[in-house]
$ cat target.cif   # mmCIF, C-alpha atoms
data_model
loop_
_atom_site.label_atom_id
_atom_site.label_comp_id
_atom_site.auth_asym_id
_atom_site.auth_seq_id
_atom_site.Cartn_x
_atom_site.Cartn_y
_atom_site.Cartn_z
CA MET A 1 22.88 -28.50 51.43
CA SER A 2 19.95 -26.66 49.87
CA ARG A 3 20.63 -23.49 47.88
CA VAL A 4 19.00 -20.09 47.72
CA TRP A 5 18.17 -18.86 44.22
CA LEU A 6 17.24 -15.36 43.08
CA VAL A 7 15.33 -15.70 39.79
CA THR A 8 13.93 -12.79 37.81
CA GLY A 9 10.86 -13.25 35.65
CA ALA A 10 10.00 -16.31 37.71
CA ASN A 11 6.29 -16.32 36.96
CA SER A 12 6.44 -17.66 33.41
CA GLY A 13 8.54 -19.34 30.74
CA PHE A 14 12.08 -20.32 31.64
CA GLY A 15 11.89 -18.45 34.93
CA ARG A 16 8.97 -20.50 36.15
CA ALA A 17 10.52 -23.74 34.87
CA ILE A 18 13.81 -22.99 36.64
CA THR A 19 11.92 -22.11 39.82
CA GLU A 20 9.99 -25.37 39.73
CA ALA A 21 13.17 -27.39 39.04
CA ALA A 22 15.04 -25.73 41.91
CA VAL A 23 12.13 -26.32 44.28
CA ALA A 24 11.99 -29.98 43.20
CA ALA A 25 15.68 -30.22 44.09
CA GLY A 26 14.87 -29.05 47.61
CA ASP A 27 16.11 -25.48 47.16
CA THR A 28 14.55 -22.12 48.05
CA VAL A 29 13.72 -19.65 45.28
CA VAL A 30 13.31 -15.94 45.79
CA ALA A 31 11.09 -15.23 42.80
CA ALA A 32 11.50 -11.65 41.61
CA VAL A 33 8.60 -10.42 39.48
CA ARG A 34 6.73 -7.19 38.80
CA ARG A 35 3.47 -8.67 40.11
CA PRO A 36 3.99 -11.05 43.05
CA ALA A 37 0.34 -12.14 42.87
CA SER A 38 1.20 -13.96 39.62
CA LEU A 39 3.06 -16.48 41.80
CA ASP A 40 0.19 -17.23 44.16
CA ASP A 41 -0.24 -20.78 42.87
CA LEU A 42 3.44 -21.68 43.32
CA VAL A 43 3.57 -20.07 46.76
CA ALA A 44 0.47 -22.04 47.79
CA GLN A 45 2.08 -25.30 46.66
CA HIS A 46 5.50 -24.55 48.19
CA PRO A 47 5.06 -21.92 50.92
CA ASP A 48 8.42 -22.70 52.53
CA GLN A 49 10.39 -22.71 49.27
CA VAL A 50 8.98 -19.97 47.01
CA ASP A 51 9.46 -16.44 48.30
CA PRO A 52 7.99 -13.80 45.94
CA VAL A 53 9.47 -10.31 45.85
CA ARG A 54 8.53 -7.30 43.76
CA LEU A 55 11.16 -6.20 41.24
CA ASP A 56 11.05 -4.30 37.98
CA VAL A 57 14.39 -5.18 36.40
CA THR A 58 14.37 -1.94 34.42
CA ASP A 59 14.69 -0.06 37.72
CA SER A 60 18.38 -0.57 38.44
CA GLU A 61 18.16 1.20 41.78
CA GLN A 62 15.90 -1.58 43.10
CA ALA A 63 18.54 -4.27 42.59
CA ALA A 64 20.69 -3.44 45.63
CA GLY A 65 17.64 -3.26 47.88
CA VAL A 66 16.28 -6.60 46.70
CA ALA A 67 19.66 -8.31 47.13
CA ALA A 68 20.06 -6.84 50.63
CA ASP A 69 16.56 -7.98 51.55
CA VAL A 70 17.24 -11.53 50.35
CA LEU A 71 20.49 -11.70 52.28
CA ALA A 72 18.84 -10.36 55.42
CA ARG A 73 16.04 -12.93 55.32
CA HIS A 74 17.80 -15.98 53.84
CA GLY A 75 21.43 -15.40 54.75
CA ARG A 76 22.88 -16.02 51.30
CA ILE A 77 22.35 -16.04 47.54
CA ASP A 78 23.82 -19.12 45.89
CA VAL A 79 22.47 -18.70 42.36
CA LEU A 80 21.38 -15.56 40.52
CA VAL A 81 19.32 -16.17 37.38
CA ASN A 82 18.88 -13.13 35.14
CA ASN A 83 15.92 -14.42 33.15
CA ALA A 84 13.43 -11.57 32.77
CA GLY A 85 13.14 -10.47 29.17
CA ARG A 86 11.07 -10.04 26.05
CA THR A 87 11.54 -10.10 22.33
CA HIS A 88 11.31 -7.27 19.84
CA VAL A 89 10.91 -7.40 16.07
CA GLY A 90 11.68 -4.61 13.64
CA ALA A 91 14.19 -3.52 11.05
CA LEU A 92 17.02 -1.41 12.48
CA GLU A 93 15.76 1.57 10.48
CA GLU A 94 12.29 1.05 11.96
CA THR A 95 13.48 0.75 15.57
CA THR A 96 13.30 3.94 17.59
CA ASP A 97 15.78 5.06 20.22
CA ASP A 98 13.14 4.59 22.90
CA GLU A 99 12.44 1.02 21.78
CA LEU A 100 16.14 0.18 21.70
CA ARG A 101 16.93 1.74 25.06
CA ALA A 102 13.96 0.02 26.71
CA LEU A 103 15.24 -3.35 25.52
CA PHE A 104 18.76 -2.62 26.79
CA ASP A 105 17.27 -1.71 30.17
CA VAL A 106 15.68 -5.18 30.40
CA HIS A 107 18.47 -7.32 28.97
CA VAL A 108 21.67 -5.45 29.87
CA PHE A 109 21.37 -2.75 32.53
CA GLY A 110 18.97 -4.75 34.71
CA PRO A 111 21.14 -7.88 34.81
CA ALA A 112 24.27 -5.77 35.33
CA ALA A 113 22.72 -4.09 38.36
CA LEU A 114 21.77 -7.42 39.93
CA VAL A 115 25.21 -8.89 39.25
CA ARG A 116 26.82 -5.90 40.98
CA ALA A 117 24.42 -6.32 43.90
CA VAL A 118 25.13 -10.00 44.57
CA LEU A 119 28.84 -10.24 43.75
CA PRO A 120 30.27 -8.79 47.00
CA HIS A 121 28.41 -11.49 48.93
CA MET A 122 29.45 -14.28 46.54
CA ARG A 123 33.07 -13.11 46.56
CA GLU A 124 33.14 -13.05 50.34
CA ARG A 125 31.84 -16.64 50.48
CA ARG A 126 34.00 -17.63 47.48
CA THR A 127 31.16 -19.53 45.88
CA GLY A 128 28.09 -18.91 43.77
CA ALA A 129 26.70 -19.04 40.25
CA ILE A 130 25.33 -16.45 37.86
CA VAL A 131 23.04 -17.68 35.08
CA GLN A 132 22.44 -15.28 32.20
CA LEU A 133 19.48 -16.14 29.98
CA SER A 134 20.60 -15.15 26.52
CA SER A 135 19.43 -16.74 23.27
CA MET A 136 20.86 -18.33 20.17
CA GLY A 137 20.30 -14.71 19.07
CA GLY A 138 23.21 -13.83 21.32
CA GLN A 139 25.54 -15.64 18.92
CA LEU A 140 23.97 -14.74 15.55
CA SER A 141 21.22 -12.58 14.15
CA PHE A 142 18.99 -12.08 11.13
CA ALA A 143 16.53 -9.59 9.69
CA GLY A 144 14.13 -8.19 12.25
CA PHE A 145 16.06 -9.20 15.35
CA GLY A 146 18.76 -6.53 15.30
CA ALA A 147 17.61 -4.81 18.48
CA TYR A 148 16.95 -8.05 20.37
CA SER A 149 20.23 -9.63 19.33
CA GLY A 150 22.08 -6.40 20.01
CA THR A 151 21.07 -6.65 23.66
CA LYS A 152 21.90 -10.34 23.86
CA PHE A 153 25.29 -9.83 22.19
CA ALA A 154 25.98 -7.16 24.83
CA LEU A 155 24.88 -9.48 27.64
CA GLU A 156 27.15 -12.24 26.35
CA GLY A 157 30.19 -9.97 25.98
CA MET A 158 29.66 -8.64 29.47
CA SER A 159 29.21 -12.16 30.85
CA GLU A 160 32.29 -13.58 29.14
CA ALA A 161 34.45 -10.93 30.79
CA LEU A 162 32.62 -11.47 34.08
CA ALA A 163 33.44 -15.17 33.99
CA ASP A 164 37.18 -14.38 33.86
CA GLU A 165 36.87 -11.81 36.64
CA VAL A 166 35.05 -14.00 39.15
CA ALA A 167 36.62 -17.41 38.46
CA PRO A 168 39.35 -16.86 41.09
CA TYR A 169 36.57 -16.53 43.68
CA GLY A 170 34.98 -19.86 42.82
CA ILE A 171 31.98 -18.23 41.10
CA LYS A 172 30.53 -19.80 37.97
CA VAL A 173 28.98 -17.92 35.04
CA LEU A 174 26.65 -19.78 32.69
CA ILE A 175 25.27 -18.16 29.53
CA VAL A 176 22.17 -20.01 28.32
CA GLU A 177 21.32 -19.77 24.62
CA PRO A 178 17.88 -21.27 23.96
CA GLY A 179 16.37 -21.76 20.56
CA SER A 180 12.62 -21.95 20.04
CA PHE A 181 10.92 -23.02 23.28
CA ARG A 182 7.24 -23.00 24.14
CA THR A 183 7.23 -19.93 26.36
CA GLY A 184 5.32 -16.66 26.16
CA LEU A 185 8.30 -14.84 24.62
CA PHE A 186 6.66 -14.25 21.24
CA SER A 187 3.23 -13.31 22.53
CA ALA A 188 4.67 -10.83 25.05
CA GLY A 189 7.06 -9.19 22.62
CA THR A 190 6.96 -5.77 21.01
CA THR A 191 7.29 -4.68 17.39
CA SER A 192 8.40 -1.55 15.62
CA GLU A 193 6.05 0.16 13.21
CA GLU A 194 6.26 -1.73 9.92
CA THR A 195 7.50 0.04 6.80
CA GLY A 196 7.38 -1.03 3.17
CA PRO A 197 11.08 -1.40 2.26
CA TYR A 198 11.56 -4.37 4.61
CA ALA A 199 8.44 -6.36 3.77
CA ASP A 200 10.45 -9.15 2.12
CA THR A 201 13.06 -9.47 4.87
CA VAL A 202 11.71 -8.38 8.25
CA GLY A 203 8.23 -9.27 7.04
CA THR A 204 9.30 -12.91 6.88
CA THR A 205 10.41 -12.75 10.51
CA ARG A 206 7.17 -11.10 11.58
CA ARG A 207 5.16 -13.88 9.95
CA MET A 208 7.38 -16.54 11.51
CA ILE A 209 6.73 -15.10 14.97
CA GLU A 210 2.98 -15.02 14.41
CA SER A 211 2.73 -18.54 12.98
CA SER A 212 5.03 -20.29 15.46
CA ASP A 213 3.74 -18.84 18.73
CA GLY A 214 2.46 -21.72 20.84
CA LYS A 215 3.96 -24.29 18.48
CA GLN A 216 7.61 -24.06 19.50
CA PRO A 217 9.27 -27.49 19.88
CA GLY A 218 11.31 -26.82 23.00
CA ASP A 219 10.16 -27.89 26.47
CA PRO A 220 11.03 -25.29 29.16
CA ALA A 221 11.09 -27.98 31.87
CA LYS A 222 13.79 -29.88 29.97
CA ALA A 223 15.70 -26.63 29.50
CA ALA A 224 15.59 -26.03 33.25
CA ALA A 225 16.85 -29.57 33.90
CA ALA A 226 19.74 -28.99 31.50
CA ILE A 227 20.65 -25.76 33.31
CA LEU A 228 20.71 -27.52 36.69
CA THR A 229 22.84 -30.29 35.19
CA ALA A 230 25.32 -27.76 33.80
CA LEU A 231 25.57 -25.93 37.12
CA ALA A 232 26.20 -29.20 38.95
CA ALA A 233 29.00 -30.21 36.59
CA GLU A 234 32.59 -29.95 37.78
CA GLU A 235 33.37 -28.03 34.57
CA THR A 236 30.31 -25.86 33.96
CA PRO A 237 30.36 -24.55 30.38
CA LEU A 238 30.44 -20.83 29.74
CA ARG A 239 27.81 -21.20 27.02
CA LEU A 240 24.95 -23.69 26.81
CA PRO A 241 22.85 -23.61 23.63
CA LEU A 242 19.55 -25.42 24.11
CA GLY A 243 17.46 -27.17 21.47
CA ASP A 244 18.31 -28.71 18.09
CA ASP A 245 17.71 -25.40 16.34
CA ALA A 246 20.06 -23.51 18.66
CA VAL A 247 22.85 -26.09 18.45
CA ASP A 248 22.60 -26.29 14.65
CA ALA A 249 22.39 -22.52 14.24
CA VAL A 250 25.34 -21.76 16.52
CA LEU A 251 27.56 -24.43 14.97
CA GLY A 252 26.62 -23.31 11.46
CA HIS A 253 27.31 -19.69 12.32
CA LEU A 254 30.72 -20.52 13.79
CA GLU A 255 31.62 -22.44 10.64
CA ARG A 256 30.56 -19.52 8.42
CA VAL A 257 32.62 -17.10 10.50
CA ARG A 258 35.65 -19.38 10.29
CA THR A 259 35.28 -19.77 6.52
CA GLU A 260 35.00 -16.02 5.99
CA VAL A 261 37.98 -15.20 8.22
CA GLU A 262 40.14 -17.80 6.46
CA SER A 263 39.07 -16.49 3.05
CA TRP A 264 40.27 -12.99 3.96
CA GLU A 265 43.14 -14.03 6.21
CA THR A 266 45.94 -12.79 3.93
CA VAL A 267 44.37 -9.35 3.55
CA ALA A 268 43.51 -9.19 7.24
CA ARG A 269 47.04 -10.04 8.37
CA ASP A 270 48.80 -7.71 5.94
CA THR A 271 48.17 -4.63 8.09
CA ALA A 272 51.37 -4.22 10.15
CA ILE A 273 53.46 -1.04 10.06
CA GLU A 274 56.43 -1.58 7.75
CA GLY A 275 60.00 -1.12 8.94
#

$ encode --input "target.cif" --output "C-alpha cells"
Amino acid sequence: MSRVWLVTGANSGFGRAITEAAVAAGDTVVAAVRRPASLDDLVAQHPDQVDPVRLDVTDSEQAAGVAADVLARHGRIDVLVNNAGRTHVGALEETTDDELRALFDVHVFGPAALVRAVLPHMRERRTGAIVQLSSMGGQLSFAGFGAYSGTKFALEGMSEALADEVAPYGIKVLIVEPGSFRTGLFSAGTTSEETGPYADTVGTTRRMIESSDGKQPGDPAKAAAAILTALAAEETPLRLPLGDDAVDAVLGHLERVRTEVESWETVARDTAIEG
C-alpha cells in the first residue's frame, strides 16, 4: 500500500532527495515549502504524487492547518519528515538572542508543532513514522556551532522522549544524523558578526564552511535511500548517523564521554547523603 508523506523543506537538499525517493517507491508526498513554485519541476514530472503546500515552519500556528488540510485531501499522514533547516556559525559570545531564537524556531518549535498536529491521527490509526533531520552536530559540537548544535541537541532530546511516548501506538521515531553532504546547507546558512577573540577557533570553522561548500562527500540520494531502508526495517533505529564522518565522529565522541566519566567515576559517585 502506498504511503502519504509530509516533508518540510522538500524543495532542496535532503528534503528533495527524500521526496524523490518516496515518489520512486510509489508514494505520495505533500511537499511543504515556503515557495511552492520552487517545486514546479517535480510537480510537472509527478503530478499525481507531489502535492506542494505553503508552510513557513517558523509559524507554529500554520502546522495544525496544514496537517488538517493534508488529512482532508489525502485521508492520512503515514510519515512526517521534519527536514527544513539551516546552519549558523558564530561563537556563543557573538550570537545574539534574536539569532538563537530564530534558529530554535526552525529546528525545535517548528518540528514540535508539526509533531503535535499529526500525532492524534497517527495514534488513532496506531501506525506512522516521524523522521527528525538532526545532524552529527546533535551528538557533539565544536567551536562556532554552539547555536546550531544547541537546537539539534534539543531536537534529539525531545525526539528520544517522544519515541518512548508513542511506541505503544505503533509509531516509529527516527533521528537522522548526517555528516557532510552535498546540499545547500552551508550556502544558505547565517553567521554572527565576527569578533577578534575567536579568530583562531571559530575562524577555523568559518573557513571550513567556505572552502567545503559544494565539495561535501555525501550523496543526498544515498542518504534518502538509507532513511527509507531504516523505516522499512522491523527494528527501526532511534538514531541513524549518515556518512563516514558522522559515524566516526559519533563513535569517537561516545568513547571520549565514556573515558571521561570513568576517569571521574569515584568522585561522581561519592555524592550520597551520609547516614

$ resolve_selection --input "target.cif" --expression "the PyMOL selection byres ((chain A and resi 133) around 10)" --output "PyMOL selection string"
chain A and resi 14-15+81-85+107+111+130-132+134-135+138+152+155-156+174-178+240

$ closest_residue --input "target.cif" --among "A:Ala37, A:Ile77, A:Met122, A:Ala230" --to "Ile171 in chain A" --atoms "only C-alpha atoms"
A:Met122

$ atom_distance --input "target.cif" --atom1 "CA of Ala21 in chain A" --atom2 "CA of Leu6 in chain A"
13.3 Å

$ resolve_selection --input "target.cif" --expression "the PyMOL selection byres ((chain A and resi 35) around 10)" --output "VMD selection string"
chain A and resid 9 11 32 to 34 36 to 39 52 to 56

$ atom_distance --input "target.cif" --atom1 "CA of Asp245 in chain A" --atom2 "CA of Thr96 in chain A"
29.7 Å

$ resolve_selection --input "target.cif" --expression "the PyMOL selection byres ((chain A and resi 105) around 10)" --output "list in words"
Val57, Thr58, Asp59, Ser60, Gly85, Leu100, Arg101, Ala102, Leu103, Phe104, Val106, His107, Val108, Phe109, Gly110, Pro111, Ala112 and Thr151 of chain A

$ closest_residue --input "target.cif" --among "A:Leu119, A:Ala249, A:Val89, A:Leu114" --to "Ala64 in chain A" --atoms "only C-alpha atoms"
A:Leu114

$ atom_distance --input "target.cif" --atom1 "CA of Gly75 in chain A" --atom2 "CA of Ala63 in chain A"
16.7 Å

$ closest_residue --input "target.cif" --among "A:Asp48, A:Glu193, A:Met136, A:Pro120" --to "Leu251 in chain A" --atoms "all atoms listed in the file"
A:Met136

$ residues_near_point --input "target.cif" --point "(5.8, 0.3, 14.6)" --cutoff "12 Å" --atoms "all atoms listed in the file" --output "PyMOL selection string"
chain A and resi 88-96+98-99+190-196+206

$ closest_residue --input "target.cif" --among "A:Asp213, A:Val118, A:Asp51, A:His46" --to "Ala68 in chain A" --atoms "all atoms listed in the file"
A:Val118

$ closest_residue --input "target.cif" --among "A:Lys222, A:His74, A:Arg239, A:Arg256" --to "Gly157 in chain A" --atoms "only C-alpha atoms"
A:Arg239

$ closest_residue --input "target.cif" --among "A:Val202, A:Val247, A:Val30, A:Leu242" --to "Pro47 in chain A" --atoms "only C-alpha atoms"
A:Val30

$ build_atoms --input "target.cif" --residues "range 246-267 of chain A" --atoms "N, CA, C and O atoms" --output "CSV table (one decimal), keeping the file's coordinate frame"
chain,number,residue,atom,x,y,z
A,246,ALA,N,19.0,-24.4,18.1
A,246,ALA,CA,20.1,-23.5,18.7
A,246,ALA,C,21.4,-24.1,18.4
A,246,ALA,O,22.4,-23.4,18.0
A,247,VAL,N,21.6,-25.4,18.7
A,247,VAL,CA,22.8,-26.1,18.4
A,247,VAL,C,23.2,-26.0,17.0
A,247,VAL,O,24.4,-25.7,16.6
A,248,ASP,N,22.3,-26.3,16.1
A,248,ASP,CA,22.6,-26.3,14.6
A,248,ASP,C,22.9,-24.9,14.2
A,248,ASP,O,23.9,-24.7,13.4
A,249,ALA,N,22.2,-23.9,14.7
A,249,ALA,CA,22.4,-22.5,14.2
A,249,ALA,C,23.7,-22.0,14.7
A,249,ALA,O,24.5,-21.3,14.0
A,250,VAL,N,24.1,-22.3,16.0
A,250,VAL,CA,25.3,-21.8,16.5
A,250,VAL,C,26.5,-22.4,15.8
A,250,VAL,O,27.5,-21.8,15.4
A,251,LEU,N,26.5,-23.7,15.7
A,251,LEU,CA,27.6,-24.4,15.0
A,251,LEU,C,27.7,-24.0,13.5
A,251,LEU,O,28.8,-23.8,13.0
A,252,GLY,N,26.6,-23.8,12.8
A,252,GLY,CA,26.6,-23.3,11.5
A,252,GLY,C,27.2,-21.9,11.4
A,252,GLY,O,28.0,-21.6,10.5
A,253,HIS,N,26.8,-21.1,12.3
A,253,HIS,CA,27.3,-19.7,12.3
A,253,HIS,C,28.8,-19.7,12.6
A,253,HIS,O,29.6,-18.9,11.9
A,254,LEU,N,29.3,-20.5,13.5
A,254,LEU,CA,30.7,-20.5,13.8
A,254,LEU,C,31.5,-21.0,12.6
A,254,LEU,O,32.6,-20.5,12.3
A,255,GLU,N,31.0,-21.9,11.9
A,255,GLU,CA,31.6,-22.4,10.6
A,255,GLU,C,31.7,-21.4,9.6
A,255,GLU,O,32.7,-21.2,8.9
A,256,ARG,N,30.6,-20.6,9.4
A,256,ARG,CA,30.6,-19.5,8.4
A,256,ARG,C,31.6,-18.4,8.8
A,256,ARG,O,32.2,-17.9,7.9
A,257,VAL,N,31.7,-18.1,10.1
A,257,VAL,CA,32.6,-17.1,10.5
A,257,VAL,C,34.0,-17.6,10.2
A,257,VAL,O,34.9,-16.8,9.7
A,258,ARG,N,34.3,-18.8,10.5
A,258,ARG,CA,35.6,-19.4,10.3
A,258,ARG,C,36.0,-19.3,8.8
A,258,ARG,O,37.1,-18.9,8.4
A,259,THR,N,35.1,-19.8,8.0
A,259,THR,CA,35.3,-19.8,6.5
A,259,THR,C,35.6,-18.4,6.0
A,259,THR,O,36.5,-18.2,5.2
A,260,GLU,N,34.8,-17.4,6.5
A,260,GLU,CA,35.0,-16.0,6.0
A,260,GLU,C,36.3,-15.4,6.4
A,260,GLU,O,37.0,-14.8,5.7
A,261,VAL,N,36.7,-15.7,7.7
A,261,VAL,CA,38.0,-15.2,8.2
A,261,VAL,C,39.1,-15.8,7.4
A,261,VAL,O,40.1,-15.1,7.0
A,262,GLU,N,39.1,-17.1,7.2
A,262,GLU,CA,40.1,-17.8,6.5
A,262,GLU,C,40.2,-17.3,5.0
A,262,GLU,O,41.3,-17.2,4.4
A,263,SER,N,39.1,-17.0,4.4
A,263,SER,CA,39.1,-16.5,3.0
A,263,SER,C,39.8,-15.1,2.9
A,263,SER,O,40.4,-14.8,1.9
A,264,TRP,N,39.7,-14.3,4.0
A,264,TRP,CA,40.3,-13.0,4.0
A,264,TRP,C,41.5,-12.9,4.9
A,264,TRP,O,42.0,-11.8,5.2
A,265,GLU,N,42.1,-14.0,5.2
A,265,GLU,CA,43.1,-14.0,6.2
A,265,GLU,C,44.4,-13.3,5.7
A,265,GLU,O,45.0,-12.5,6.5
A,266,THR,N,44.7,-13.5,4.5
A,266,THR,CA,45.9,-12.8,3.9
A,266,THR,C,45.8,-11.3,4.0
A,266,THR,O,46.7,-10.6,4.4
A,267,VAL,N,44.6,-10.8,3.5
A,267,VAL,CA,44.4,-9.4,3.6
A,267,VAL,C,44.3,-8.9,5.0
A,267,VAL,O,44.9,-7.8,5.3
